[in-house]
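The file entry-v7.cif comes next; it holds mmCIF, C-alpha atoms.
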```cif
data_query
loop_
_atom_site.group_PDB
_atom_site.id
_atom_site.type_symbol
_atom_site.label_atom_id
_atom_site.label_comp_id
_atom_site.auth_asym_id
_atom_site.auth_seq_id
_atom_site.Cartn_x
_atom_site.Cartn_y
_atom_site.Cartn_z
ATOM 1 C CA MET A 1 -1.927 -22.896 82.752
ATOM 2 C CA ARG A 2 -2.273 -21.591 86.260
ATOM 3 C CA THR A 3 -5.579 -22.113 88.040
ATOM 4 C CA ALA A 4 -6.817 -21.840 91.588
ATOM 5 C CA VAL A 5 -4.307 -23.381 93.966
ATOM 6 C CA THR A 6 -5.754 -24.406 97.318
ATOM 7 C CA GLY A 7 -4.116 -22.597 100.226
ATOM 8 C CA LEU A 8 -1.951 -20.342 98.034
ATOM 9 C CA PRO A 9 -1.381 -17.119 99.961
ATOM 10 C CA THR A 10 -1.971 -13.868 98.133
ATOM 11 C CA PRO A 11 0.967 -11.472 97.992
ATOM 12 C CA HIS A 12 -1.375 -8.462 98.267
ATOM 13 C CA PRO A 13 -4.519 -9.202 100.371
ATOM 14 C CA LEU A 14 -7.393 -7.003 99.237
ATOM 15 C CA ILE A 15 -8.691 -6.500 102.783
ATOM 16 C CA GLU A 16 -5.487 -4.640 103.630
ATOM 17 C CA GLN A 17 -6.208 -2.144 100.862
ATOM 18 C CA LEU A 18 -9.423 -0.932 102.509
ATOM 19 C CA PRO A 19 -9.830 1.871 105.035
ATOM 20 C CA ALA A 20 -10.039 0.765 108.679
ATOM 21 C CA VAL A 21 -13.777 1.445 108.885
ATOM 22 C CA TYR A 22 -14.468 -1.558 106.585
ATOM 23 C CA LEU A 23 -12.209 -4.049 108.362
ATOM 24 C CA GLU A 24 -14.946 -5.148 110.792
ATOM 25 C CA GLN A 25 -17.434 -6.078 108.045
ATOM 26 C CA ASP A 26 -17.665 -9.895 108.084
ATOM 27 C CA PHE A 27 -19.326 -10.191 104.649
ATOM 28 C CA LEU A 28 -16.763 -7.902 103.044
ATOM 29 C CA ARG A 29 -13.889 -9.831 104.674
ATOM 30 C CA ARG A 30 -15.234 -13.194 103.351
ATOM 31 C CA PHE A 31 -15.982 -11.735 99.894
ATOM 32 C CA LEU A 32 -12.494 -10.261 99.539
ATOM 33 C CA ALA A 33 -10.920 -13.492 100.834
ATOM 34 C CA ALA A 34 -12.711 -15.360 98.028
ATOM 35 C CA LEU A 35 -11.370 -12.857 95.492
ATOM 36 C CA ASP A 36 -7.898 -13.259 96.978
ATOM 37 C CA ASP A 37 -8.102 -17.031 96.370
ATOM 38 C CA VAL A 38 -8.902 -16.382 92.702
ATOM 39 C CA LEU A 39 -6.383 -13.580 92.189
ATOM 40 C CA ALA A 40 -3.418 -15.124 94.076
ATOM 41 C CA PRO A 41 -2.216 -17.322 91.157
ATOM 42 C CA VAL A 42 -2.618 -14.415 88.728
ATOM 43 C CA LEU A 43 -0.706 -11.963 90.906
ATOM 44 C CA LEU A 44 2.051 -14.463 91.649
ATOM 45 C CA SER A 45 2.395 -15.272 87.927
ATOM 46 C CA ILE A 46 2.656 -11.588 87.071
ATOM 47 C CA ASP A 47 5.166 -10.996 89.879
ATOM 48 C CA ASN A 48 7.277 -13.871 88.525
ATOM 49 C CA LEU A 49 6.736 -13.218 84.813
ATOM 50 C CA PRO A 50 10.443 -13.055 83.877
ATOM 51 C CA ALA A 51 10.994 -16.466 85.496
ATOM 52 C CA HIS A 52 7.940 -17.869 83.712
ATOM 53 C CA LEU A 53 9.230 -16.707 80.310
ATOM 54 C CA ASP A 54 12.713 -18.188 80.759
ATOM 55 C CA PRO A 55 12.810 -21.850 79.675
ATOM 56 C CA ARG A 56 15.412 -22.605 82.360
ATOM 57 C CA SER A 57 13.046 -21.669 85.200
ATOM 58 C CA ALA A 58 9.544 -21.782 83.710
ATOM 59 C CA PRO A 59 7.050 -24.102 85.386
ATOM 60 C CA GLU A 60 6.500 -27.296 83.416
ATOM 61 C CA ASP A 61 2.986 -26.311 82.360
ATOM 62 C CA PHE A 62 4.361 -23.064 80.855
ATOM 63 C CA LEU A 63 7.148 -24.878 79.012
ATOM 64 C CA ASP A 64 4.855 -26.272 76.305
ATOM 65 C CA TRP A 65 3.320 -22.840 75.910
ATOM 66 C CA LEU A 66 6.773 -21.284 75.442
ATOM 67 C CA ALA A 67 7.583 -24.017 72.912
ATOM 68 C CA GLN A 68 4.646 -22.863 70.819
ATOM 69 C CA TRP A 69 6.022 -19.308 70.891
ATOM 70 C CA VAL A 70 9.300 -20.438 69.330
ATOM 71 C CA ALA A 71 7.705 -23.029 67.009
ATOM 72 C CA VAL A 72 9.203 -26.218 68.404
ATOM 73 C CA ASP A 73 7.597 -29.500 69.309
ATOM 74 C CA THR A 74 8.430 -30.730 72.789
ATOM 75 C CA ARG A 75 7.427 -34.277 73.589
ATOM 76 C CA THR A 76 5.949 -34.824 77.010
ATOM 77 C CA ASP A 77 7.620 -38.253 77.248
ATOM 78 C CA HIS A 78 11.069 -36.614 77.168
ATOM 79 C CA PRO A 79 12.750 -35.541 80.406
ATOM 80 C CA VAL A 80 12.078 -31.957 81.492
ATOM 81 C CA ALA A 81 15.760 -30.996 81.144
ATOM 82 C CA GLN A 82 15.735 -32.095 77.488
ATOM 83 C CA ARG A 83 12.497 -30.195 76.832
ATOM 84 C CA ARG A 84 13.977 -27.057 78.419
ATOM 85 C CA ALA A 85 17.089 -27.349 76.221
ATOM 86 C CA THR A 86 14.918 -27.753 73.138
ATOM 87 C CA VAL A 87 12.963 -24.579 73.894
ATOM 88 C CA ARG A 88 16.023 -22.611 75.020
ATOM 89 C CA GLY A 89 17.974 -23.169 71.802
ATOM 90 C CA ALA A 90 15.058 -23.077 69.354
ATOM 91 C CA VAL A 91 15.529 -19.575 67.972
ATOM 92 C CA GLU A 92 19.230 -20.117 67.323
ATOM 93 C CA ARG A 93 18.538 -23.514 65.726
ATOM 94 C CA HIS A 94 15.943 -21.950 63.418
ATOM 95 C CA SER A 95 18.750 -19.938 61.819
ATOM 96 C CA ARG A 96 20.462 -23.217 60.822
ATOM 97 C CA ARG A 97 17.295 -24.982 59.702
ATOM 98 C CA GLY A 98 17.668 -26.682 56.332
ATOM 99 C CA THR A 99 21.427 -27.081 56.742
ATOM 100 C CA ARG A 100 23.463 -30.173 57.545
ATOM 101 C CA ARG A 101 24.410 -28.783 60.947
ATOM 102 C CA GLY A 102 20.797 -27.901 61.751
ATOM 103 C CA LEU A 103 19.649 -31.409 60.839
ATOM 104 C CA ALA A 104 22.418 -32.978 62.942
ATOM 105 C CA GLU A 105 21.437 -30.867 65.969
ATOM 106 C CA ALA A 106 17.761 -31.752 65.586
ATOM 107 C CA VAL A 107 18.495 -35.484 65.345
ATOM 108 C CA PHE A 108 20.854 -35.280 68.322
ATOM 109 C CA LEU A 109 18.240 -33.482 70.423
ATOM 110 C CA GLU A 110 15.650 -36.110 69.536
ATOM 111 C CA THR A 111 17.773 -39.224 70.019
ATOM 112 C CA GLY A 112 20.844 -38.203 72.011
ATOM 113 C CA ILE A 113 22.938 -39.796 69.238
ATOM 114 C CA GLU A 114 25.279 -37.918 66.894
ATOM 115 C CA PRO A 115 24.118 -38.809 63.374
ATOM 116 C CA ASP A 116 26.223 -39.417 60.291
ATOM 117 C CA ILE A 117 24.807 -37.307 57.440
ATOM 118 C CA VAL A 118 25.704 -37.746 53.775
ATOM 119 C CA GLU A 119 24.474 -35.199 51.222
ATOM 120 C CA SER A 120 24.267 -35.555 47.464
ATOM 121 C CA GLY A 121 24.991 -31.903 46.749
ATOM 122 C CA GLY A 122 28.039 -29.752 47.023
ATOM 123 C CA THR A 123 29.681 -26.555 45.882
ATOM 124 C CA ALA A 124 32.906 -25.900 44.084
ATOM 125 C CA TRP A 125 34.793 -22.954 42.671
ATOM 126 C CA SER A 126 36.781 -23.141 39.484
ATOM 127 C CA THR A 127 38.437 -20.792 37.033
ATOM 128 C CA THR A 128 38.080 -23.410 34.296
ATOM 129 C CA PRO A 129 34.853 -23.232 32.274
ATOM 130 C CA HIS A 130 32.661 -26.320 31.837
ATOM 131 C CA THR A 131 33.930 -27.919 35.029
ATOM 132 C CA GLN A 132 31.878 -30.864 36.239
ATOM 133 C CA PHE A 133 29.347 -30.015 38.941
ATOM 134 C CA PRO A 134 29.996 -31.512 42.369
ATOM 135 C CA GLY A 135 27.546 -33.898 43.980
ATOM 136 C CA GLY A 136 24.703 -35.776 42.371
ATOM 137 C CA PRO A 137 21.932 -34.501 40.117
ATOM 138 C CA ARG A 138 19.178 -35.482 42.552
ATOM 139 C CA PRO A 139 19.083 -33.657 45.916
ATOM 140 C CA TRP A 140 19.213 -36.333 48.605
ATOM 141 C CA VAL A 141 20.251 -36.743 52.228
ATOM 142 C CA THR A 142 21.109 -39.971 54.016
ATOM 143 C CA VAL A 143 20.911 -39.886 57.813
ATOM 144 C CA ARG A 144 22.600 -42.737 59.702
ATOM 145 C CA VAL A 145 21.929 -43.169 63.395
ATOM 146 C CA ARG A 146 24.141 -45.723 65.141
ATOM 147 C CA ALA A 147 22.203 -46.772 68.230
ATOM 148 C CA ALA A 148 23.316 -49.287 70.839
ATOM 149 C CA GLN A 149 19.713 -50.520 70.900
ATOM 150 C CA PRO A 150 18.156 -49.706 67.512
ATOM 151 C CA TYR A 151 14.683 -50.912 68.524
ATOM 152 C CA GLN A 152 14.479 -48.053 71.041
ATOM 153 C CA VAL A 153 14.776 -45.398 68.318
ATOM 154 C CA ASP A 154 11.339 -44.121 67.305
ATOM 155 C CA ARG A 155 11.806 -44.376 63.547
ATOM 156 C CA VAL A 156 8.452 -42.783 62.644
ATOM 157 C CA ARG A 157 9.102 -39.771 64.884
ATOM 158 C CA LEU A 158 12.631 -39.420 63.503
ATOM 159 C CA GLU A 159 11.382 -39.502 59.893
ATOM 160 C CA GLU A 160 8.829 -36.778 60.715
ATOM 161 C CA LEU A 161 11.590 -34.691 62.278
ATOM 162 C CA ILE A 162 13.900 -35.092 59.268
ATOM 163 C CA ARG A 163 11.046 -34.194 56.908
ATOM 164 C CA THR A 164 10.503 -30.920 58.792
ATOM 165 C CA GLU A 165 14.207 -30.064 58.970
ATOM 166 C CA ILE A 166 15.301 -30.557 55.359
ATOM 167 C CA PRO A 167 14.199 -28.428 52.393
ATOM 168 C CA ALA A 168 10.951 -29.583 50.778
ATOM 169 C CA HIS A 169 12.567 -30.611 47.464
ATOM 170 C CA VAL A 170 15.186 -32.835 49.104
ATOM 171 C CA GLY A 171 14.535 -36.549 49.582
ATOM 172 C CA PHE A 172 16.067 -38.586 52.379
ATOM 173 C CA ASP A 173 16.931 -42.048 53.644
ATOM 174 C CA LEU A 174 17.031 -42.932 57.328
ATOM 175 C CA GLU A 175 19.266 -45.793 58.416
ATOM 176 C CA VAL A 176 19.131 -46.930 62.026
ATOM 177 C CA LEU A 177 22.177 -49.112 62.645
#
```
Represent the structure of the file as structure tokens.
Amino acid sequence: MRTAVTGLPTPHPLIEQLPAVYLEQDFLRRFLAALDDVLAPVLLSIDNLPAHLDPRSAPEDFLDWLAQWVAVDTRTDHPVAQRRATVRGAVERHSRRGTRRGLAEAVFLETGIEPDIVESGGTAWSTTPHTQFPGGPRPWVTVRVRAAQPYQVDRVRLEELIRTEIPAHVGFDLEVL
């Protein structure tokens, strides 16, 4: 978060708020200058609050804080542009969480690779009674990631991501090809 920044000018110096009779007081001038040094980051943050709350323009140290607001995990080893995109689209992605499309988007954001996802389930509509159910009896998802350099894919991180994106009762396989 924001702290004291050396040499940061205050947008509203306190000494200028006083009546002229106090302007010649050396102690008061030094005391208010010290308060200005402490308050400058606060006042500038408040003045720029809309920019701080927008993931496209938020300072990097606010970005992780915003990520917590929208319940996403941003990795500090990812480029800032990728972290901003993760935070910016989080709320919309939450509406697709637990779906095939939501899982594909999450894997793509993590790896930059479009995954191939195969599900065991399915739906069907029939006017004939006793029609066979589509899909398999066991809920399962297979995620295939075709990477040019498979050793660069963080398999453990990807498995954690898949576990958080699919419903709790659904098992999964991860294949990095």
Interatomic distance (Å, one decimal) between CA of Glu114 (chain A) and CA of Val153 (chain A):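 Going from CA of Glu114 (chain A) over to CA of Val153 (chain A), I get 13.0 Å.
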Counting all atoms listed in the file, the option among A:Phe172, A:Phe133, A:Phe108, A:Trp69 closest to Val145 (chain A):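 Once distances to Val145 (chain A) are computed over all atoms listed in the file, the minimum belongs to A:Phe108.
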Region 54-62 of chain A surroundings by only C-alpha atoms, 10 Å radius, close-in-sequence under 6 positions cut, as a list in words: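 The neighbour list is Met1, Arg2, Asn48, Thr76, Val80, Ala81, Arg83, Arg84, Ala85, Thr86, Val87, Arg88 and Gly89 of chain A.
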Result set, the PyMOL selection byres ((chain A and resi 160-170) around 10) on current file, as a list in words: Asp73, His94, Arg96, Arg97, Gly98, Thr99, Arg100, Gly102, Leu103, Ala104, Ala106, Val107, Glu110, Glu119, Ser120, Arg138, Pro139, Trp140, Val141, Val143, Arg155, Val156, Arg157, Leu158, Glu159, Gly171, Phe172, Asp173 and Leu174 of chain A
With all atoms of region 35-53 of chain A from the file as input, state the centre and edge lengths in Å to one decimal of the axis-aligned box that has 5 Å extra on each side, as lines of an AutoDock Vina configuration file.
```
center_x = -0.2
center_y = -14.4
center_z = 88.6
size_x = 32.4
size_y = 16.9
size_z = 26.7
```
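By only C-alpha atoms, and with residues fewer than 3 positions from Glu16 (chain A) along its chain excluded, the set lying at most 12 Å from it is Thr10, Pro11, His12, Pro13, Pro19, Ala20, Val21, Tyr22, Leu23, Glu24, Leu28, Arg29, Leu32, Ala33 and Asp36 of chain A.
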Top pick for closest residue to Ile15 (chain A), considering A:His130, A:Arg101, A:Arg30, A:Arg144 and counting all atoms listed in the file: A:Arg30
Selected residue of minimal separation from Val118 (chain A) among A:Val38, A:Gln68, A:His78, A:Glu175, counting all atoms listed in the file: A:Glu175
Pick from A:Gln152, A:Ser95, A:Ser126, A:Thr131, whichever lies nearest to Ile113 (chain A) using all atoms listed in the file: A:Gln152
Which residue of A:Leu43, A:Leu109, A:Leu49, A:Ala124 approaches Val72 (chain A) most closely, using only C-alpha atoms: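 When distances to Val72 (chain A) are compared using only C-alpha atoms, the smallest one comes from A:Leu109.
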Pairwise distance for CA of Pro41 (chain A) and CA of Gln25 (chain A), rounded to one decimal in Å: 25.4 Å
Separation of CA of Leu66 (chain A) from CA of Asp154 (chain A) in Å: 24.7 Å
Among listed residues A:Ala71, A:Ala148, A:Thr111, A:Leu35, nearest Glu92 (chain A) (using all atoms listed in the file):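 Among the listed residues, A:Ala71 lies closest to Glu92 (chain A).
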Shell of 10 Å around Tyr151 (chain A), all atoms listed in the file, local chain residues under 4 positions omitted, as a VMD selection string: chain A and resid 147 155 176 to 177
Coords for region 60-72 of chain A, all heavy atoms, as a tab-separated table (two decimals), in the first residue's frame:
```tsv
chain	number	residue	atom	x	y	z
A	60	GLU	N	0.65	-1.03	-9.32
A	60	GLU	CA	0.89	-2.47	-9.16
A	60	GLU	C	0.63	-2.95	-7.74
A	60	GLU	O	0.15	-4.05	-7.54
A	60	GLU	CB	2.30	-2.82	-9.57
A	60	GLU	CG	2.49	-2.83	-11.07
A	60	GLU	CD	3.86	-3.32	-11.45
A	60	GLU	OE1	4.31	-4.35	-10.90
A	60	GLU	OE2	4.49	-2.67	-12.30
A	61	ASP	N	0.96	-2.11	-6.74
A	61	ASP	CA	0.76	-2.57	-5.37
A	61	ASP	C	-0.73	-2.60	-5.00
A	61	ASP	O	-1.10	-3.30	-4.07
A	61	ASP	CB	1.55	-1.72	-4.37
A	61	ASP	CG	1.21	-0.24	-4.45
A	61	ASP	OD1	0.69	0.20	-5.48
A	61	ASP	OD2	1.49	0.48	-3.47
A	62	PHE	N	-1.58	-1.89	-5.73
A	62	PHE	CA	-3.03	-1.96	-5.49
A	62	PHE	C	-3.66	-3.12	-6.24
A	62	PHE	O	-4.75	-3.56	-5.90
A	62	PHE	CB	-3.70	-0.66	-5.95
A	62	PHE	CG	-3.78	0.39	-4.90
A	62	PHE	CD1	-2.64	0.97	-4.38
A	62	PHE	CD2	-5.00	0.82	-4.42
A	62	PHE	CE1	-2.71	1.94	-3.40
A	62	PHE	CE2	-5.08	1.79	-3.45
A	62	PHE	CZ	-3.93	2.36	-2.94
A	63	LEU	N	-2.99	-3.61	-7.27
A	63	LEU	CA	-3.56	-4.65	-8.12
A	63	LEU	C	-3.85	-5.93	-7.33
A	63	LEU	O	-4.92	-6.53	-7.48
A	63	LEU	CB	-2.62	-4.94	-9.28
A	63	LEU	CG	-3.21	-5.63	-10.49
A	63	LEU	CD1	-4.42	-4.87	-11.03
A	63	LEU	CD2	-2.17	-5.77	-11.57
A	64	ASP	N	-2.93	-6.34	-6.48
A	64	ASP	CA	-3.16	-7.54	-5.67
A	64	ASP	C	-4.30	-7.32	-4.69
A	64	ASP	O	-5.06	-8.24	-4.38
A	64	ASP	CB	-1.88	-7.93	-4.92
A	64	ASP	CG	-0.79	-8.38	-5.87
A	64	ASP	OD1	-1.13	-8.93	-6.94
A	64	ASP	OD2	0.39	-8.17	-5.55
A	65	TRP	N	-4.41	-6.12	-4.19
A	65	TRP	CA	-5.50	-5.78	-3.28
A	65	TRP	C	-6.84	-5.86	-4.01
A	65	TRP	O	-7.82	-6.41	-3.50
A	65	TRP	CB	-5.24	-4.39	-2.72
A	65	TRP	CG	-6.13	-3.94	-1.63
A	65	TRP	CD1	-6.43	-4.60	-0.48
A	65	TRP	CD2	-6.83	-2.69	-1.56
A	65	TRP	NE1	-7.27	-3.84	0.30
A	65	TRP	CE2	-7.53	-2.66	-0.35
A	65	TRP	CE3	-6.92	-1.60	-2.42
A	65	TRP	CZ2	-8.31	-1.59	0.02
A	65	TRP	CZ3	-7.69	-0.53	-2.04
A	65	TRP	CH2	-8.38	-0.54	-0.82
A	66	LEU	N	-6.90	-5.33	-5.23
A	66	LEU	CA	-8.13	-5.42	-6.03
A	66	LEU	C	-8.45	-6.88	-6.35
A	66	LEU	O	-9.62	-7.26	-6.39
A	66	LEU	CB	-7.98	-4.63	-7.33
A	66	LEU	CG	-7.97	-3.12	-7.21
A	66	LEU	CD1	-7.70	-2.49	-8.58
A	66	LEU	CD2	-9.26	-2.60	-6.64
A	67	ALA	N	-7.43	-7.69	-6.58
A	67	ALA	CA	-7.65	-9.11	-6.86
A	67	ALA	C	-8.34	-9.79	-5.69
A	67	ALA	O	-9.21	-10.64	-5.90
A	67	ALA	CB	-6.31	-9.79	-7.16
A	68	GLN	N	-7.99	-9.41	-4.48
A	68	GLN	CA	-8.66	-9.98	-3.32
A	68	GLN	C	-10.13	-9.58	-3.29
A	68	GLN	O	-10.98	-10.37	-2.88
A	68	GLN	CB	-7.98	-9.52	-2.03
A	68	GLN	CG	-6.60	-10.08	-1.84
A	68	GLN	CD	-5.91	-9.51	-0.63
A	68	GLN	OE1	-6.41	-8.61	0.04
A	68	GLN	NE2	-4.74	-10.03	-0.33
A	69	TRP	N	-10.45	-8.38	-3.72
A	69	TRP	CA	-11.84	-7.91	-3.74
A	69	TRP	C	-12.70	-8.78	-4.64
A	69	TRP	O	-13.88	-8.99	-4.37
A	69	TRP	CB	-11.90	-6.48	-4.23
A	69	TRP	CG	-11.55	-5.44	-3.23
A	69	TRP	CD1	-10.88	-5.61	-2.06
A	69	TRP	CD2	-11.85	-4.06	-3.31
A	69	TRP	NE1	-10.74	-4.41	-1.43
A	69	TRP	CE2	-11.32	-3.43	-2.17
A	69	TRP	CE3	-12.50	-3.28	-4.25
A	69	TRP	CZ2	-11.44	-2.09	-1.93
A	69	TRP	CZ3	-12.61	-1.92	-4.02
A	69	TRP	CH2	-12.09	-1.34	-2.86
A	70	VAL	N	-12.14	-9.23	-5.77
A	70	VAL	CA	-12.92	-10.01	-6.73
A	70	VAL	C	-12.59	-11.50	-6.67
A	70	VAL	O	-12.94	-12.25	-7.56
A	70	VAL	CB	-12.74	-9.46	-8.17
A	70	VAL	CG1	-13.35	-8.08	-8.31
A	70	VAL	CG2	-11.27	-9.45	-8.58
A	71	ALA	N	-11.90	-11.91	-5.61
A	71	ALA	CA	-11.62	-13.32	-5.32
A	71	ALA	C	-10.88	-14.04	-6.44
A	71	ALA	O	-11.29	-15.10	-6.90
A	71	ALA	CB	-12.90	-14.05	-4.97
A	72	VAL	N	-9.79	-13.44	-6.90
A	72	VAL	CA	-8.91	-14.13	-7.85
A	72	VAL	C	-7.49	-14.13	-7.31
A	72	VAL	O	-7.11	-13.28	-6.51
A	72	VAL	CB	-8.92	-13.49	-9.27
A	72	VAL	CG1	-10.26	-13.65	-9.93
A	72	VAL	CG2	-8.48	-12.06	-9.25
```
